[in-house]
Each structure stands twice: as C-alpha cells, then as structure tokens.
file work_39.tsv (TSV, C-alpha atoms and all ligand atoms)
chain	number	residue	atom	x	y	z
A	5	SER	CA	-2.74	-21.09	-76.64
A	6	HIS	CA	-4.73	-19.36	-73.94
A	7	SER	CA	-4.97	-20.64	-70.37
A	8	TYR	CA	-6.40	-18.97	-67.28
A	9	ILE	CA	-3.70	-20.63	-65.17
A	10	ARG	CA	-0.76	-19.51	-67.30
A	11	TYR	CA	0.85	-16.13	-67.92
A	12	ASN	CA	-0.35	-15.56	-71.47
A	13	THR	CA	1.59	-13.48	-73.98
A	14	TRP	CA	0.01	-10.36	-75.44
A	15	ASP	CA	-0.64	-12.13	-78.75
A	16	THR	CA	-2.52	-14.85	-76.90
A	17	ILE	CA	-4.46	-12.31	-74.83
A	18	GLN	CA	-5.36	-10.40	-77.98
A	19	SER	CA	-6.83	-13.55	-79.59
A	20	TRP	CA	-8.60	-14.34	-76.32
A	21	ILE	CA	-10.18	-10.86	-76.30
A	22	ALA	CA	-11.57	-11.49	-79.78
A	23	SER	CA	-12.91	-14.97	-79.01
A	24	VAL	CA	-14.30	-14.29	-75.52
A	25	SER	CA	-16.22	-11.28	-76.77
A	26	SER	CA	-17.63	-12.96	-79.86
A	27	SER	CA	-18.78	-16.10	-78.08
A	28	ASN	CA	-20.66	-14.39	-75.24
A	29	SER	CA	-22.34	-11.52	-77.06
A	30	ASN	CA	-25.29	-11.36	-74.66
A	31	LEU	CA	-23.06	-10.31	-71.77
A	32	ILE	CA	-19.95	-8.80	-73.34
A	33	SER	CA	-18.94	-6.24	-75.91
A	34	LYS	CA	-15.61	-4.63	-76.78
A	35	GLN	CA	-14.38	-1.24	-77.82
A	36	VAL	CA	-10.96	0.03	-78.79
A	37	ILE	CA	-10.12	3.14	-76.76
A	38	GLY	CA	-6.96	3.98	-78.71
A	39	ASN	CA	-3.60	2.49	-79.60
A	40	THR	CA	-0.42	2.15	-77.58
A	41	TYR	CA	2.80	3.96	-78.47
A	42	GLU	CA	3.87	1.02	-80.65
A	43	GLY	CA	0.40	0.82	-82.22
A	44	ARG	CA	-1.27	-2.04	-80.39
A	45	PRO	CA	-5.04	-1.66	-79.85
A	46	MET	CA	-6.21	-1.01	-76.28
A	47	THR	CA	-9.49	-2.89	-76.00
A	48	VAL	CA	-11.95	-2.40	-73.15
A	49	LEU	CA	-14.38	-5.25	-72.52
A	50	LYS	CA	-17.82	-4.25	-71.25
A	51	LEU	CA	-19.46	-6.92	-69.12
A	52	GLY	CA	-23.12	-6.59	-68.29
A	53	LYS	CA	-26.63	-7.58	-69.24
A	54	LYS	CA	-27.85	-5.46	-72.10
A	55	SER	CA	-30.33	-2.79	-71.06
A	56	SER	CA	-32.38	-0.11	-72.74
A	57	SER	CA	-31.29	2.51	-70.21
A	58	THR	CA	-27.72	3.60	-69.40
A	59	LYS	CA	-26.29	1.62	-66.53
A	60	PRO	CA	-23.87	2.75	-63.87
A	61	ALA	CA	-20.45	1.14	-64.27
A	62	ILE	CA	-17.23	0.01	-62.63
A	63	PHE	CA	-13.93	0.47	-64.47
A	64	MET	CA	-11.10	-1.99	-63.78
A	65	ASP	CA	-7.66	-2.10	-65.37
A	66	CYS	CA	-4.77	-4.54	-65.13
A	67	GLY	CA	-1.18	-4.39	-66.26
A	68	ILE	CA	-0.32	-0.72	-65.73
A	69	HIS	CA	3.15	-2.00	-64.82
A	70	ALA	CA	4.63	-4.39	-67.35
A	71	ARG	CA	6.32	-6.91	-65.03
A	72	GLU	CA	3.35	-7.45	-62.71
A	73	TRP	CA	2.12	-10.50	-64.60
A	74	ILE	CA	-0.40	-11.67	-62.02
A	75	SER	CA	-2.39	-8.50	-62.73
A	76	PRO	CA	-3.45	-9.19	-66.37
A	77	ALA	CA	-4.02	-12.79	-65.26
A	78	PHE	CA	-6.58	-11.47	-62.77
A	79	CYS	CA	-8.47	-9.40	-65.36
A	80	GLN	CA	-8.74	-12.47	-67.60
A	81	TRP	CA	-9.92	-14.52	-64.62
A	82	PHE	CA	-12.51	-11.90	-63.70
A	83	VAL	CA	-13.97	-11.95	-67.21
A	84	LYS	CA	-14.14	-15.76	-67.18
A	85	GLU	CA	-15.81	-15.80	-63.74
A	86	ALA	CA	-18.29	-13.10	-64.69
A	87	LEU	CA	-19.36	-14.97	-67.82
A	88	SER	CA	-19.42	-18.42	-66.20
A	89	THR	CA	-21.18	-17.46	-62.96
A	90	TYR	CA	-23.78	-15.05	-64.35
A	91	GLY	CA	-27.12	-16.77	-63.84
A	92	SER	CA	-25.88	-19.11	-61.09
A	93	ASP	CA	-24.08	-16.80	-58.63
A	94	SER	CA	-26.69	-14.43	-57.25
A	95	GLN	CA	-24.24	-11.62	-56.57
A	96	MET	CA	-22.64	-11.73	-60.01
A	97	THR	CA	-26.07	-11.90	-61.62
A	98	SER	CA	-27.32	-8.91	-59.68
A	99	LEU	CA	-24.11	-6.96	-60.40
A	100	LEU	CA	-24.25	-7.52	-64.15
A	101	ASN	CA	-28.00	-6.89	-64.25
A	102	GLN	CA	-27.67	-3.54	-62.52
A	103	MET	CA	-24.23	-2.38	-63.62
A	104	ASP	CA	-21.65	-2.73	-66.37
A	105	VAL	CA	-18.04	-3.61	-65.61
A	106	PHE	CA	-15.46	-2.17	-67.99
A	107	VAL	CA	-12.30	-4.28	-68.00
A	108	LEU	CA	-9.03	-3.21	-69.60
A	109	PRO	CA	-7.08	-6.51	-69.54
A	110	VAL	CA	-3.66	-4.98	-70.24
A	111	PHE	CA	-3.05	-1.24	-69.87
A	112	ASN	CA	0.65	-1.13	-70.74
A	113	ILE	CA	0.63	-3.59	-73.64
A	114	ASP	CA	3.96	-2.54	-75.16
A	115	GLY	CA	5.69	-2.97	-71.82
A	116	TYR	CA	3.97	-6.30	-71.16
A	117	ASP	CA	5.10	-7.62	-74.54
A	118	PHE	CA	8.64	-6.39	-73.81
A	119	THR	CA	8.73	-8.34	-70.52
A	120	HIS	CA	7.95	-11.52	-72.47
A	121	LYS	CA	10.48	-10.90	-75.23
A	122	SER	CA	13.39	-8.83	-73.86
A	123	ASN	CA	13.41	-7.73	-70.24
A	124	ARG	CA	11.28	-9.58	-67.66
A	125	MET	CA	11.67	-6.78	-65.08
A	126	TRP	CA	10.55	-3.86	-67.30
A	127	ARG	CA	7.98	-1.59	-65.61
A	128	LYS	CA	7.33	1.46	-67.79
A	129	THR	CA	5.86	2.22	-71.20
A	130	LEU	CA	8.20	2.16	-74.21
A	131	SER	CA	7.80	5.66	-75.64
A	132	LYS	CA	10.85	7.39	-77.13
A	133	LYS	CA	11.79	10.99	-76.51
A	134	SER	CA	14.50	13.27	-77.80
A	135	GLY	CA	17.56	13.94	-75.68
A	136	THR	CA	17.74	10.53	-74.03
A	137	ALA	CA	18.31	6.93	-74.97
A	138	CYS	CA	16.14	5.83	-72.06
A	139	LEU	CA	12.69	4.54	-72.95
A	140	GLY	CA	9.27	5.03	-71.44
A	141	ALA	CA	7.64	6.61	-68.42
A	142	ASP	CA	5.89	5.12	-65.40
A	143	PRO	CA	2.18	5.16	-66.31
A	144	ASN	CA	1.32	5.28	-62.62
A	145	ARG	CA	3.25	8.53	-62.25
A	146	ASN	CA	1.86	10.08	-65.42
A	147	PHE	CA	-1.72	10.88	-64.37
A	148	ASN	CA	-2.65	14.45	-63.57
A	149	ALA	CA	-2.83	14.15	-59.78
A	150	GLY	CA	-0.15	16.15	-58.00
A	151	TRP	CA	1.92	15.20	-61.03
A	152	CYS	CA	5.62	14.63	-60.31
A	153	THR	CA	5.55	16.27	-56.89
A	154	ALA	CA	6.38	13.24	-54.73
A	155	GLY	CA	7.71	9.69	-55.13
A	156	ALA	CA	8.35	10.24	-58.82
A	157	SER	CA	11.40	11.16	-60.86
A	158	SER	CA	11.96	13.69	-63.63
A	159	ASN	CA	14.90	11.62	-64.87
A	160	PRO	CA	13.80	9.71	-68.01
A	161	CYS	CA	16.10	6.85	-67.04
A	162	SER	CA	14.37	6.29	-63.69
A	163	ASP	CA	11.85	3.48	-63.26
A	164	THR	CA	9.47	6.04	-61.73
A	165	TYR	CA	9.91	8.70	-64.43
A	166	CYS	CA	6.75	10.83	-64.45
A	167	GLY	CA	6.96	11.64	-68.17
A	168	SER	CA	7.38	14.98	-69.91
A	169	ALA	CA	3.89	16.19	-68.88
A	170	PRO	CA	0.70	14.74	-67.34
A	171	GLU	CA	-0.78	12.23	-69.83
A	172	SER	CA	2.32	12.43	-72.04
A	173	GLU	CA	2.01	8.64	-72.36
A	174	ILE	CA	-0.61	7.79	-74.96
A	175	GLU	CA	-1.82	4.79	-72.94
A	176	VAL	CA	-2.54	7.10	-69.96
A	177	LYS	CA	-4.25	9.64	-72.22
A	178	ASN	CA	-6.44	6.92	-73.79
A	179	VAL	CA	-7.60	5.63	-70.39
A	180	ALA	CA	-8.06	9.12	-68.92
A	181	ASP	CA	-10.10	10.17	-71.97
A	182	PHE	CA	-12.27	7.07	-71.68
A	183	ILE	CA	-12.94	7.65	-67.98
A	184	ARG	CA	-13.61	11.39	-68.52
A	185	ARG	CA	-16.01	10.54	-71.36
A	186	ASN	CA	-17.86	8.08	-69.09
A	187	LYS	CA	-17.48	10.09	-65.91
A	188	SER	CA	-21.21	10.34	-65.26
A	189	ILE	CA	-21.68	6.56	-65.15
A	190	ILE	CA	-18.40	5.35	-63.61
A	191	LYS	CA	-18.98	4.79	-59.89
A	192	ALA	CA	-15.82	2.85	-59.05
A	193	TYR	CA	-12.25	2.59	-60.33
A	194	ILE	CA	-10.22	-0.52	-59.53
A	195	THR	CA	-6.61	-0.95	-60.63
A	196	ILE	CA	-4.69	-4.18	-60.16
A	197	HIS	CA	-0.95	-4.24	-59.39
A	198	SER	CA	1.48	-6.52	-57.58
A	199	TYR	CA	3.06	-7.23	-55.20
A	200	SER	CA	2.74	-6.63	-51.40
A	201	GLN	CA	-0.83	-7.74	-50.51
A	202	LEU	CA	-2.24	-4.27	-50.00
A	203	LEU	CA	-5.58	-2.66	-50.68
A	204	LEU	CA	-4.89	1.04	-51.14
A	205	PHE	CA	-7.09	4.07	-51.69
A	206	PRO	CA	-6.45	7.85	-52.02
A	207	TYR	CA	-4.38	9.68	-51.37
A	208	SER	CA	-0.85	8.83	-52.42
A	209	TYR	CA	0.19	12.30	-53.63
A	210	THR	CA	-0.47	13.80	-50.20
A	211	PHE	CA	-0.77	12.58	-46.61
A	212	GLN	CA	-4.05	14.48	-46.37
A	213	LEU	CA	-6.99	12.14	-45.82
A	214	ALA	CA	-9.59	11.78	-48.56
A	215	ALA	CA	-13.01	13.30	-47.87
A	216	ASP	CA	-14.44	9.76	-47.95
A	217	HIS	CA	-11.60	8.26	-45.90
A	218	SER	CA	-13.66	6.42	-43.30
A	219	GLU	CA	-15.98	4.78	-45.81
A	220	LEU	CA	-13.06	3.86	-48.10
A	221	LEU	CA	-11.18	2.34	-45.17
A	222	GLN	CA	-14.17	0.41	-43.87
A	223	VAL	CA	-14.89	-1.05	-47.32
A	224	ALA	CA	-11.19	-1.90	-47.83
A	225	GLN	CA	-10.99	-3.68	-44.49
A	226	ALA	CA	-14.14	-5.69	-45.13
A	227	ALA	CA	-12.96	-6.55	-48.67
A	228	SER	CA	-9.63	-7.70	-47.23
A	229	SER	CA	-11.43	-9.93	-44.72
A	230	ALA	CA	-13.45	-11.48	-47.52
A	231	LEU	CA	-10.21	-12.14	-49.41
A	232	ARG	CA	-8.53	-13.63	-46.33
A	233	SER	CA	-11.47	-15.96	-45.66
A	234	LEU	CA	-10.50	-18.25	-48.56
A	235	TYR	CA	-6.83	-19.16	-47.93
A	236	GLY	CA	-5.79	-16.92	-45.05
A	237	THR	CA	-3.90	-14.42	-47.25
A	238	ALA	CA	-3.38	-11.29	-45.15
A	239	TYR	CA	-3.82	-7.85	-46.68
A	240	THR	CA	-3.17	-4.42	-45.21
A	241	SER	CA	-5.49	-1.57	-46.18
A	242	GLY	CA	-5.07	2.17	-46.03
A	243	PRO	CA	-4.36	5.34	-47.94
A	244	GLY	CA	-1.42	4.96	-50.34
A	245	ALA	CA	0.90	7.64	-48.95
A	246	ALA	CA	0.86	6.27	-45.42
A	247	THR	CA	0.52	2.57	-46.27
A	248	ILE	CA	3.07	2.06	-49.07
A	249	TYR	CA	4.77	5.38	-49.87
A	250	PRO	CA	3.95	8.88	-51.13
A	251	ALA	CA	3.82	8.78	-54.94
A	252	ALA	CA	2.11	11.34	-57.15
A	253	GLY	CA	0.58	10.90	-60.59
A	254	GLY	CA	-1.27	7.67	-59.87
A	255	SER	CA	-4.47	6.57	-61.57
A	256	ASP	CA	-6.31	5.98	-58.28
A	257	ASP	CA	-5.81	9.54	-57.00
A	258	TRP	CA	-6.64	10.97	-60.42
A	259	ALA	CA	-9.91	9.00	-60.69
A	260	TYR	CA	-10.87	9.98	-57.14
A	261	ASP	CA	-10.27	13.69	-57.75
A	262	LEU	CA	-12.32	13.41	-60.95
A	263	GLY	CA	-15.23	12.31	-58.76
A	264	VAL	CA	-15.03	8.51	-58.76
A	265	LYS	CA	-15.49	7.94	-55.05
A	266	TYR	CA	-14.69	4.22	-54.83
A	267	SER	CA	-11.12	4.24	-56.11
A	268	TYR	CA	-8.91	1.30	-55.13
A	269	THR	CA	-5.45	-0.06	-55.95
A	270	PHE	CA	-4.83	-3.73	-55.28
A	271	GLU	CA	-1.30	-5.00	-54.76
A	272	LEU	CA	-1.76	-8.76	-55.19
A	273	ARG	CA	0.44	-11.62	-53.92
A	274	ASP	CA	2.98	-12.17	-52.63
A	275	THR	CA	4.93	-10.28	-49.95
A	276	GLY	CA	8.32	-10.81	-51.59
A	277	ARG	CA	9.28	-14.46	-51.66
A	278	TYR	CA	8.70	-14.55	-55.42
A	279	GLY	CA	7.67	-10.91	-55.90
A	280	PHE	CA	6.94	-10.14	-59.55
A	281	LEU	CA	7.98	-13.72	-60.45
A	282	LEU	CA	4.93	-15.27	-58.79
A	283	PRO	CA	4.73	-18.94	-59.94
A	284	GLU	CA	1.90	-19.91	-62.26
A	285	SER	CA	0.70	-22.37	-59.59
A	286	GLN	CA	-0.43	-19.31	-57.60
A	287	ILE	CA	-2.55	-17.77	-60.36
A	288	LYS	CA	-5.71	-19.71	-59.47
A	289	PRO	CA	-5.65	-19.20	-55.69
A	290	THR	CA	-4.64	-15.56	-56.08
A	291	CYS	CA	-7.45	-14.88	-58.53
A	292	GLU	CA	-10.07	-16.78	-56.55
A	293	GLU	CA	-9.33	-14.88	-53.33
A	294	THR	CA	-9.11	-11.53	-55.15
A	295	MET	CA	-12.54	-12.16	-56.72
A	296	LEU	CA	-14.02	-12.11	-53.20
A	297	ALA	CA	-12.56	-8.68	-52.47
A	298	VAL	CA	-13.55	-7.19	-55.82
A	299	LYS	CA	-17.06	-8.59	-55.46
A	300	TYR	CA	-17.30	-7.14	-51.95
A	301	ILE	CA	-16.38	-3.69	-53.26
A	302	ALA	CA	-18.81	-4.06	-56.17
A	303	ALA	CA	-21.63	-5.03	-53.80
A	304	HIS	CA	-20.95	-1.97	-51.68
A	305	VAL	CA	-20.97	0.25	-54.76
A	306	GLN	CA	-24.26	-1.30	-55.90
A	307	LYS	CA	-25.81	-0.76	-52.48
A	308	ASN	CA	-24.87	2.92	-52.62
A	309	LEU	CA	-25.99	3.73	-56.18
B	401	LIG	O1	4.11	2.57	-57.00
B	401	LIG	C1	3.06	2.23	-57.58
B	401	LIG	O2	2.68	2.73	-58.63
B	401	LIG	C2	2.19	1.11	-56.96
B	401	LIG	N1	3.06	0.07	-56.43
B	401	LIG	S1	3.86	-0.91	-57.50
B	401	LIG	O3	4.76	-1.77	-56.74
B	401	LIG	N2	2.81	-1.86	-58.22
B	401	LIG	O4	4.53	-0.10	-58.47
B	401	LIG	C3	1.35	1.69	-55.85
B	401	LIG	C4	0.37	2.70	-56.31
B	401	LIG	C5	-0.39	3.37	-55.20
B	401	LIG	N3	-1.12	4.53	-55.68
B	401	LIG	C6	-0.48	5.69	-56.04
B	401	LIG	N4	0.79	5.88	-55.84
B	401	LIG	N5	-1.24	6.65	-56.52
B	402	ZN	ZN	2.39	-1.68	-60.19
B	403	ZN	ZN	-13.97	-19.62	-59.64
call {"tool": "encode", "arguments": {"input": "work_39.tsv", "output": "structure tokens", "more": "lines below"}}
Ligand code: 0X9
Ligand code: ZN
Ligand code: ZN
result
Amino acid sequence: SHSYIRYNTWDTIQSWIASVSSSNSNLISKQVIGNTYEGRPMTVLKLGKKSSSTKPAIFMDCGIHAREWISPAFCQWFVKEALSTYGSDSQMTSLLNQMDVFVLPVFNIDGYDFTHKSNRMWRKTLSKKSGTACLGADPNRNFNAGWCTAGASSNPCSDTYCGSAPESEIEVKNVADFIRRNKSIIKAYITIHSYSQLLLFPYSYTFQLAADHSELLQVAQAASSALRSLYGTAYTSGPGAATIYPAAGGSDDWAYDLGVKYSYTFELRDTGRYGFLLPESQIKPTCEETMLAVKYIAAHVQKNL
C-alpha cells in the first residue's frame, strides 16, 4: 500500500494517482498525456484552485531516470504537501490561487517498474529497436536540444544513448507535446533527478551562458539557501555544462529554448554515500528541504508573472 515515506512501486503509485485525484477534486485534476512504450498511461496531475480564466502554470516531472527513486518520491510528497497545506500555508495558498502546477509523478514508468522487478540500476526507457539487443534510450538525451552533440552516445547499448532521433522515445514525445501545447501558460519547468545535491539550469549542451543566466543563478542560489536552512544540506548551483558535465538532449535545455525561462534540474541527495540507493529514512528530510527550494522558485516565478 502507498506510503509517502516508502519507495512505492508503479502499481501503488498508479492507484495513488487515482485516489488522490478523486478525493481532492476542488484542487486537483488529472489527464493522460499518452502511454509509455509498454503501454502504461502517463498521467499529469494539475494542482490549483479552479478558476474561470486560464492560469499561468509550472510544469514539474519526476522519474526521468528509472533508478533515481527519490525523485518520484518527491513528486508524491509535493502533491501531498500542496493539498494538505493549501488554506493554511500562505505561500502555497497564494501559489495555487494564482497558478496551476502540473506534476508528472513518474516520467519513465517502464524503466521505474523495471528497477523494481529486474534491474535496480536501470536508467533508460525500455524501447526495442531493430539491429540491437540493447533496450531503451536515455530520455534526458532524447530531447531536441543540441541533440546527441555532447555527453551522449549513439551506441544503443550505452546508458546515455541519445535514441535514433530527437523524441524517438514516446515518453519524451508525450511530454514535449504536452509542454508545446501549453507553451503559452507554462512559466517554469522543474525536473527532479538524483543524486549530487545540485541545482542546475541551462545550458548543458553548450558552455555558452543562457540569456537569463544572472537571474537563473541568483534564483538558484537563493533556492539552495532556503533548502540548506532546514538541515544544512549543501547544494551547488550553476549551468549544467560547467557544474556537472556537458550533456546534450536534456529536457531543461529544450524547455528553456522553447521559451520557458525558469528551467531547473534538481539533483537531490546524497553526494554518493548511498547514491541512487538512498535509504527510505531519508525520504522525509529530503522532501521537506526540497519543498523549500521549489517553493522559493515558484514564489519568484509568481512575482515575475
Ligand atoms: O545526466 C543527466 O541527465 C543528469 N544527471 S543524472 O545523474 N540524474 O543522470 C543531469 C542533467 C543536467 N541537464 C542536462 N544535461 N541537460
Ligand atoms: Zn537523472
Ligand atoms: Zn511537510
């Protein structure tokens, strides 16, 4: 059964999506944006107070990489906190009154399921292609942003395989289509990964600085301070290429070049002691501190609407 302090299986998350959206219908709705390669429904939750006019929105996804289990745990936590603090927390109330937050709890569902059933360290999707026995592509190398030019591999057996073409992975296409369709209202894109304790922003496909570099850096540094204020967890912020490594085809760079100015990649706890195998005892503190950073970014976005 579902628990916010456990790493839930996909089946459990799927039931949770159904129950959380039906029991809080004033603040939440759901829509299927397409199916995964193996046919699982990709459901986006929309959090926000209902309004007669179209509201600006934030899009957040978790679980692009299958083995980064703390990431889907954070999206579930965020939904819980949004629903339980609306009306009592003034910032959450103001956010959900003025904006909608689209949450995709698990991006790479097939891969996530595979890490629970077969291979805990799987990263990619699970698509099949002719000419190779190797499965999948790296969804965070498959977006159309400098596609496959740096920090990505054209070898289908590599963990950073960029795919046969931009958006060759149906999960990437479904998310890109959703964001393109809602381009006029989406003001921020937040994607949750692990691990390394970093708050990254464009670019990763080039060392060139983003046009909005100084604002993105200032917001990232202030969001990191907010995060650190809870338990002292130290984050480094900066553009992806210079802060972690050059890597093309990422969702953050793609969203930014589409026109979504506030585009951030979180790399959650830890710095390597447990790595992807972060103990369940760290879910709550990790999620609570990350909430502070996400809420800081959201407040900045709201202020600049
Ligand atoms: O390499 C990645 O995709 C991310 N790190 S991870 O360890 N979670 O795999 C970093 C992504 C940074 N952004 C881009 N490369 N666009
Ligand atoms: Zn990742
Ligand atoms: Zn809380």
call {"tool": "residues_near_point", "arguments": {"input": "work_39.tsv", "point": "(-2.0, -7.4, -75.8)", "cutoff": "8 Å", "atoms": "all atoms listed in the file", "output": "ChimeraX atom specification"}}
result
/A:13-18,44-46,110,113-114,116-117
call {"tool": "closest_residue", "arguments": {"input": "work_39.tsv", "among": "A:Ser7, A:Asn28, A:Gln95, A:Ser208", "to": "ligand LIG 401 (chain B)", "atoms": "all atoms listed in the file"}}
result
A:Ser208
call {"tool": "closest_atom_pairs", "arguments": {"input": "work_39.tsv", "of": "chain A", "to": "ligand ZN 403 (chain B)", "cutoff": "10 Å", "atoms": "all atoms listed in the file", "output": "CSV"}}
result
residue,atom,partner,partner_atom,distance
A:Trp81,CA,B:ZN403,ZN,8.2
A:Phe82,CA,B:ZN403,ZN,8.8
A:Lys84,CA,B:ZN403,ZN,8.5
A:Glu85,CA,B:ZN403,ZN,5.9
A:Ala86,CA,B:ZN403,ZN,9.3
A:Ser88,CA,B:ZN403,ZN,8.6
A:Thr89,CA,B:ZN403,ZN,8.2
A:Lys288,CA,B:ZN403,ZN,8.3
A:Pro289,CA,B:ZN403,ZN,9.2
A:Cys291,CA,B:ZN403,ZN,8.1
A:Glu292,CA,B:ZN403,ZN,5.7
A:Glu293,CA,B:ZN403,ZN,9.2
A:Met295,CA,B:ZN403,ZN,8.1
A:Leu296,CA,B:ZN403,ZN,9.9
call {"tool": "residues_near_ligand", "arguments": {"input": "work_39.tsv", "ligand": "ligand ZN 402 (chain B)", "cutoff": "7 Å", "atoms": "only C-alpha atoms and all ligand atoms", "output": "list in words"}}
result
Ile68, His69, Glu72, His197 and Ser198 of chain A
call {"tool": "residues_near_point", "arguments": {"input": "work_39.tsv", "point": "(-5.1, 7.5, -41.4)", "cutoff": "9 Å", "atoms": "only C-alpha atoms", "output": "list in words"}}
result
Phe211, Gln212, Leu213, His217, Ser218, Leu221, Gly242, Pro243, Ala246 and Thr247 of chain A
call {"tool": "residues_around", "arguments": {"input": "work_39.tsv", "residues": "Ser267 in chain A", "least_positions_apart": "5", "cutoff": "12 Å", "atoms": "all atoms listed in the file", "output": "number ranges by chain"}}
result
A: 62-65, 190-196, 203-208, 214, 216-217, 219-221, 223-224, 242-244, 254-262, 298, 301-302, 305
call {"tool": "atom_distance", "arguments": {"input": "work_39.tsv", "atom1": "CA of Lys299 in chain A", "atom2": "CA of Arg71 in chain A"}}
result
25.3 Å
call {"tool": "closest_residue", "arguments": {"input": "work_39.tsv", "among": "A:Ser19, A:Thr237, A:Asn148, A:Thr164", "to": "Thr290 in chain A", "atoms": "all atoms listed in the file"}}
result
A:Thr237
call {"tool": "residues_around", "arguments": {"input": "work_39.tsv", "residues": "Pro250 in chain A", "least_positions_apart": "5", "cutoff": "6 Å", "atoms": "only C-alpha atoms", "output": "list in words"}}
result
Gly155, Ser208, Tyr209 and Ala245 of chain A
call {"tool": "atom_distance", "arguments": {"input": "work_39.tsv", "atom1": "CA of Cys166 in chain A", "atom2": "CA of Ile189 in chain A"}}
result
28.8 Å
call {"tool": "closest_residue", "arguments": {"input": "work_39.tsv", "among": "A:Met96, A:Ala251, A:Ile9, A:Ile183", "to": "Asp142 in chain A", "atoms": "all atoms listed in the file"}}
result
A:Ala251
call {"tool": "axis_aligned_box", "arguments": {"input": "work_39.tsv", "around": "range 237-243 of chain A", "padding_each_side": "6 Å", "output": "JSON"}}
result
{"center_x": -4.3, "center_y": -4.5, "center_z": -46.5, "size_x": 14.3, "size_y": 31.8, "size_z": 14.8}
call {"tool": "residues_around", "arguments": {"input": "work_39.tsv", "residues": "Ile32 in chain A", "least_positions_apart": "3", "cutoff": "7 Å", "atoms": "all atoms listed in the file", "output": "PyMOL selection string"}}
result
chain A and resi 25+28-29+49-52
call {"tool": "decode", "arguments": {"input": "work_39.tsv", "residues": "range 157-175 of chain A", "atoms": "N, CA and C atoms", "output": "PDB file, in the first residue's frame"}}
result
ATOM      1  N   SER A 157      25.655   9.298 -26.227  1.00  0.00           N
ATOM      2  CA  SER A 157      26.237   8.269 -27.066  1.00  0.00           C
ATOM      3  C   SER A 157      25.261   7.855 -28.161  1.00  0.00           C
ATOM      4  N   SER A 158      25.809   7.508 -29.323  1.00  0.00           N
ATOM      5  CA  SER A 158      24.955   6.979 -30.392  1.00  0.00           C
ATOM      6  C   SER A 158      24.953   5.447 -30.378  1.00  0.00           C
ATOM      7  N   ASN A 159      25.589   4.873 -29.353  1.00  0.00           N
ATOM      8  CA  ASN A 159      25.594   3.418 -29.200  1.00  0.00           C
ATOM      9  C   ASN A 159      24.371   2.991 -28.372  1.00  0.00           C
ATOM     10  N   PRO A 160      23.457   2.220 -28.975  1.00  0.00           N
ATOM     11  CA  PRO A 160      22.228   1.825 -28.270  1.00  0.00           C
ATOM     12  C   PRO A 160      22.478   1.065 -26.970  1.00  0.00           C
ATOM     13  N   CYS A 161      23.682   0.546 -26.799  1.00  0.00           N
ATOM     14  CA  CYS A 161      23.967  -0.186 -25.565  1.00  0.00           C
ATOM     15  C   CYS A 161      24.471   0.723 -24.441  1.00  0.00           C
ATOM     16  N   SER A 162      24.760   1.982 -24.770  1.00  0.00           N
ATOM     17  CA  SER A 162      25.244   2.913 -23.751  1.00  0.00           C
ATOM     18  C   SER A 162      24.103   3.389 -22.851  1.00  0.00           C
ATOM     19  N   ASP A 163      24.438   3.687 -21.600  1.00  0.00           N
ATOM     20  CA  ASP A 163      23.464   4.232 -20.662  1.00  0.00           C
ATOM     21  C   ASP A 163      23.049   5.659 -21.019  1.00  0.00           C
ATOM     22  N   THR A 164      23.848   6.324 -21.873  1.00  0.00           N
ATOM     23  CA  THR A 164      23.493   7.682 -22.288  1.00  0.00           C
ATOM     24  C   THR A 164      23.151   7.722 -23.783  1.00  0.00           C
ATOM     25  N   TYR A 165      22.631   6.616 -24.287  1.00  0.00           N
ATOM     26  CA  TYR A 165      22.206   6.562 -25.697  1.00  0.00           C
ATOM     27  C   TYR A 165      21.154   7.646 -25.968  1.00  0.00           C
ATOM     28  N   CYS A 166      21.391   8.426 -27.019  1.00  0.00           N
ATOM     29  CA  CYS A 166      20.503   9.561 -27.316  1.00  0.00           C
ATOM     30  C   CYS A 166      19.247   9.154 -28.089  1.00  0.00           C
ATOM     31  N   GLY A 167      19.155   7.899 -28.496  1.00  0.00           N
ATOM     32  CA  GLY A 167      17.996   7.454 -29.281  1.00  0.00           C
ATOM     33  C   GLY A 167      18.260   7.598 -30.767  1.00  0.00           C
ATOM     34  N   SER A 168      17.327   7.109 -31.573  1.00  0.00           N
ATOM     35  CA  SER A 168      17.532   7.106 -33.032  1.00  0.00           C
ATOM     36  C   SER A 168      17.268   8.474 -33.643  1.00  0.00           C
ATOM     37  N   ALA A 169      16.554   9.341 -32.950  1.00  0.00           N
ATOM     38  CA  ALA A 169      16.239  10.702 -33.408  1.00  0.00           C
ATOM     39  C   ALA A 169      15.725  11.471 -32.201  1.00  0.00           C
ATOM     40  N   PRO A 170      15.700  12.819 -32.259  1.00  0.00           N
ATOM     41  CA  PRO A 170      15.081  13.570 -31.155  1.00  0.00           C
ATOM     42  C   PRO A 170      13.629  13.114 -30.976  1.00  0.00           C
ATOM     43  N   GLU A 171      13.220  12.910 -29.733  1.00  0.00           N
ATOM     44  CA  GLU A 171      11.853  12.471 -29.408  1.00  0.00           C
ATOM     45  C   GLU A 171      11.520  11.101 -29.979  1.00  0.00           C
ATOM     46  N   SER A 172      12.532  10.274 -30.238  1.00  0.00           N
ATOM     47  CA  SER A 172      12.247   8.901 -30.676  1.00  0.00           C
ATOM     48  C   SER A 172      11.558   8.115 -29.560  1.00  0.00           C
ATOM     49  N   GLU A 173      11.815   8.498 -28.321  1.00  0.00           N
ATOM     50  CA  GLU A 173      11.181   7.817 -27.185  1.00  0.00           C
ATOM     51  C   GLU A 173       9.788   8.410 -26.979  1.00  0.00           C
ATOM     52  N   ILE A 174       8.799   7.543 -26.948  1.00  0.00           N
ATOM     53  CA  ILE A 174       7.410   8.004 -26.876  1.00  0.00           C
ATOM     54  C   ILE A 174       7.140   8.810 -25.604  1.00  0.00           C
ATOM     55  N   GLU A 175       7.831   8.467 -24.527  1.00  0.00           N
ATOM     56  CA  GLU A 175       7.638   9.205 -23.266  1.00  0.00           C
ATOM     57  C   GLU A 175       8.107  10.660 -23.428  1.00  0.00           C
TER      58      GLU A 175
END
